[in-house]
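Asker: I have a structure here, written as C-alpha cells, and I will follow up with some questions on it.
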Amino acid sequence: MSTRREIGQTELADQLRALGVEAGGILLVHTSFRAVRPVEGGPAGLIAALRDALGPEGTLVMPSWTEDDETPFDPAATRASADLGIVADTFWRMPGVQRSRHEFAFAAAGPRAAEIVRDPLPLPPHRPESPAGRVHELDGQVLLLGVQHSEDTTLHVAEVIAGVPYRTPKSITTLRDGVATRIDYGENDHCCLRFALADEWLRTRGLQREGTVGHAPARLARSRDIVAVALDHLRHDPLIFLHDTAEGCEECDEARASIRS
C-alpha cells in the first residue's frame, strides 16, 4: 500500500505560484484538507503556504459560516460549519484574522480583510454586498483546492446578479438589539451539482488554470471571470443550474417549486 509523501510549506507555496496565485492579490479559497494532505504543519501549514504565495500585500479569504440556524452567531466562538472543512475552521481562529459578524460569515487576513468582511447580514447570503461579492468587486481569484465548482460560492453571486427566479424559503436566528430574532428569507439554493458546468465554460475560454497543490487537484480562476461566464448562460436559461424535474433531485425540485409559489 503506497503512502503519500508529506509536502513541505515551501513546495506548497511554489505549487500555488505555478498555478497562478497572484502575489499581492485577493484569494478566496474553498478546500478539502483530506485531498491535500499530508502537508508540513497540517491545516495551519497549508494556510501558511497560501499566505506565503500571496505575500504580505495579499489577502486570504475563506468561508466561515455557521451550520446552526437556530442559535445567534458569535464571531469569536461559533465554529465554522463542518462541511467547510478543518482548514476553514482553523483559519478564523488564527491571530490577525478578521471574521464577519453575521451568520453567513467569511474570514479574511491581509490588507483588504476589513473591506471584505465589513457588510452586515446579507440576504440573500451571496448578494454583491457580501464577502464573496466583495471578492468579485475587488477582482480577486478563486481557488478550488481538492473540491469542485459545486463548492464555488461565487456562482451563487452570479445567480443573484442574474436575478434567478428561484428562492427557497429559509430562516436564520440572529441578534437584534440583543434579542434572539428569527428572520425568514429566500435563498437561491439547490443541490449545486450542476455548477460543474462552469468547468467547461471556463476551460473553453482559457479562463481556468488547473494543476496539483499538495496531493489535490486545483482549479484557479478570477472571480469576475466565473461570474461573467455564468451570467452569459443564465441570461439564456435562468434555470440552467437546476436539475430537470425528471432527475428526481429534491433540492432542485424545491427551488423550482419556489418559482410557482
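Identifiers in the C-alpha cells: chain A, B, ... in order shown; residue index from 1 per chain; ligand index from 1 in order shown.
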Skipping near chain neighbours, those fewer than 3 positions away, what residues fall within 8 Å of A:Ala198 using only C-alpha atoms, listed as a list of chain:residue names?

Answerer: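 Contacts, with the query itself left out: A:His149, A:Phe195, A:Trp201, A:Leu202, A:Ile226, A:Val229, A:Ala230.
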
Asker: Between stretch 78-146 of chain A and stretch 154-174 of chain A, at 7 Å or less, what are the per-residue closest atom pairs and their distances in Å? Count only C-alpha atoms, order by chain and rising residue number, and return it as JSON lines.

Answerer:
```
{"residue": "A:His126", "atom": "CA", "partner": "A:Val157", "partner_atom": "CA", "distance": 5.1}
{"residue": "A:Arg127", "atom": "CA", "partner": "A:Val157", "partner_atom": "CA", "distance": 5.7}
{"residue": "A:Pro128", "atom": "CA", "partner": "A:Val157", "partner_atom": "CA", "distance": 6.5}
{"residue": "A:Ala132", "atom": "CA", "partner": "A:Thr154", "partner_atom": "CA", "distance": 6.1}
{"residue": "A:Gly133", "atom": "CA", "partner": "A:Val157", "partner_atom": "CA", "distance": 6.2}
```

Asker: Applying 10 Å and only C-alpha atoms, which residues near A:Leu145 remain after dropping the ones on its own chain fewer than 5 positions away? List them as a list in words.

Answerer: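 Skipping anything fewer than 5 positions along the chain leaves Val29, His30, Thr31, Ser32, Phe33, Ala35, Val36, Glu210, Gly211, Thr212, Val213, Gly214, His215, Ala216, Pro217, Ala218, Arg219 and Leu220 of chain A.
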
Asker: Write to file, as a PDB file, in the first residue's frame, the residues of the selection just made, with C-alpha atoms.

Answerer:
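Saved the output as part.pdb:
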```pdb
ATOM      1  CA  VAL A  29     -10.216  29.507  -1.064  1.00  0.00           C
ATOM      2  CA  HIS A  30     -12.522  26.506  -0.809  1.00  0.00           C
ATOM      3  CA  THR A  31     -10.590  23.402   0.191  1.00  0.00           C
ATOM      4  CA  SER A  32     -10.706  19.798   1.342  1.00  0.00           C
ATOM      5  CA  PHE A  33      -7.698  19.104   3.523  1.00  0.00           C
ATOM      6  CA  ALA A  35      -7.483  15.743  -0.562  1.00  0.00           C
ATOM      7  CA  VAL A  36      -4.405  17.926   0.011  1.00  0.00           C
ATOM      8  CA  GLU A 210      -5.611  23.630 -13.337  1.00  0.00           C
ATOM      9  CA  GLY A 211      -2.864  21.682 -11.614  1.00  0.00           C
ATOM     10  CA  THR A 212      -1.920  19.951  -8.384  1.00  0.00           C
ATOM     11  CA  VAL A 213      -1.326  21.540  -4.999  1.00  0.00           C
ATOM     12  CA  GLY A 214      -0.178  19.132  -2.317  1.00  0.00           C
ATOM     13  CA  HIS A 215      -1.884  15.939  -3.422  1.00  0.00           C
ATOM     14  CA  ALA A 216      -5.087  17.632  -4.557  1.00  0.00           C
ATOM     15  CA  PRO A 217      -6.405  18.733  -7.936  1.00  0.00           C
ATOM     16  CA  ALA A 218      -6.650  22.512  -8.023  1.00  0.00           C
ATOM     17  CA  ARG A 219      -8.681  24.955 -10.094  1.00  0.00           C
ATOM     18  CA  LEU A 220      -7.954  28.693 -10.175  1.00  0.00           C
TER      19      LEU A 220
END
```

Asker: Of the residues A:Tyr185, A:Leu19, A:Val142, A:Ala257, which is the one nearest to A:Thr245, using only C-alpha atoms?

Answerer: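 Checking each candidate against A:Thr245, we get A:Ala257 as the closest.
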
Asker: Applying 9 Å and only C-alpha atoms, which residues near stretch 101-105 of chain A remain after dropping the ones on its own chain fewer than 4 positions away? List them as a short mmCIF file (atom, residue, chain, number, x, y, z; two decimals) with C-alpha atoms, in the first residue's frame.

Answerer:
```cif
data_model
loop_
_atom_site.label_atom_id
_atom_site.label_comp_id
_atom_site.auth_asym_id
_atom_site.auth_seq_id
_atom_site.Cartn_x
_atom_site.Cartn_y
_atom_site.Cartn_z
CA PRO A 63 -15.91 30.76 4.08
CA SER A 64 -16.65 30.69 7.80
CA TRP A 65 -20.42 30.48 8.20
CA THR A 66 -22.31 28.57 10.86
CA GLU A 67 -24.30 25.36 10.37
CA ASP A 68 -26.67 26.27 13.23
CA ASP A 69 -29.70 28.21 12.01
CA PRO A 72 -27.25 33.52 17.10
CA PHE A 73 -23.76 33.68 15.64
CA ASP A 74 -20.78 34.67 17.79
CA PRO A 75 -17.80 35.55 15.55
CA ALA A 76 -15.40 34.88 18.43
CA ALA A 80 -17.39 27.08 11.11
CA VAL A 117 -15.97 41.14 5.82
CA ARG A 118 -17.45 44.54 6.80
CA ASP A 119 -21.00 44.21 5.44
CA PRO A 120 -23.97 43.46 7.74
CA LEU A 121 -26.08 40.30 7.38
CA PRO A 122 -26.56 39.79 3.60
CA PRO A 125 -26.46 35.37 1.57
CA HIS A 126 -24.39 35.78 -1.62
CA SER A 130 -21.40 40.03 0.85
CA PRO A 131 -17.85 38.74 1.32
CA ILE A 172 -31.87 32.20 10.47
CA THR A 173 -31.71 33.29 14.10
CA THR A 174 -29.69 36.43 14.75
#
```
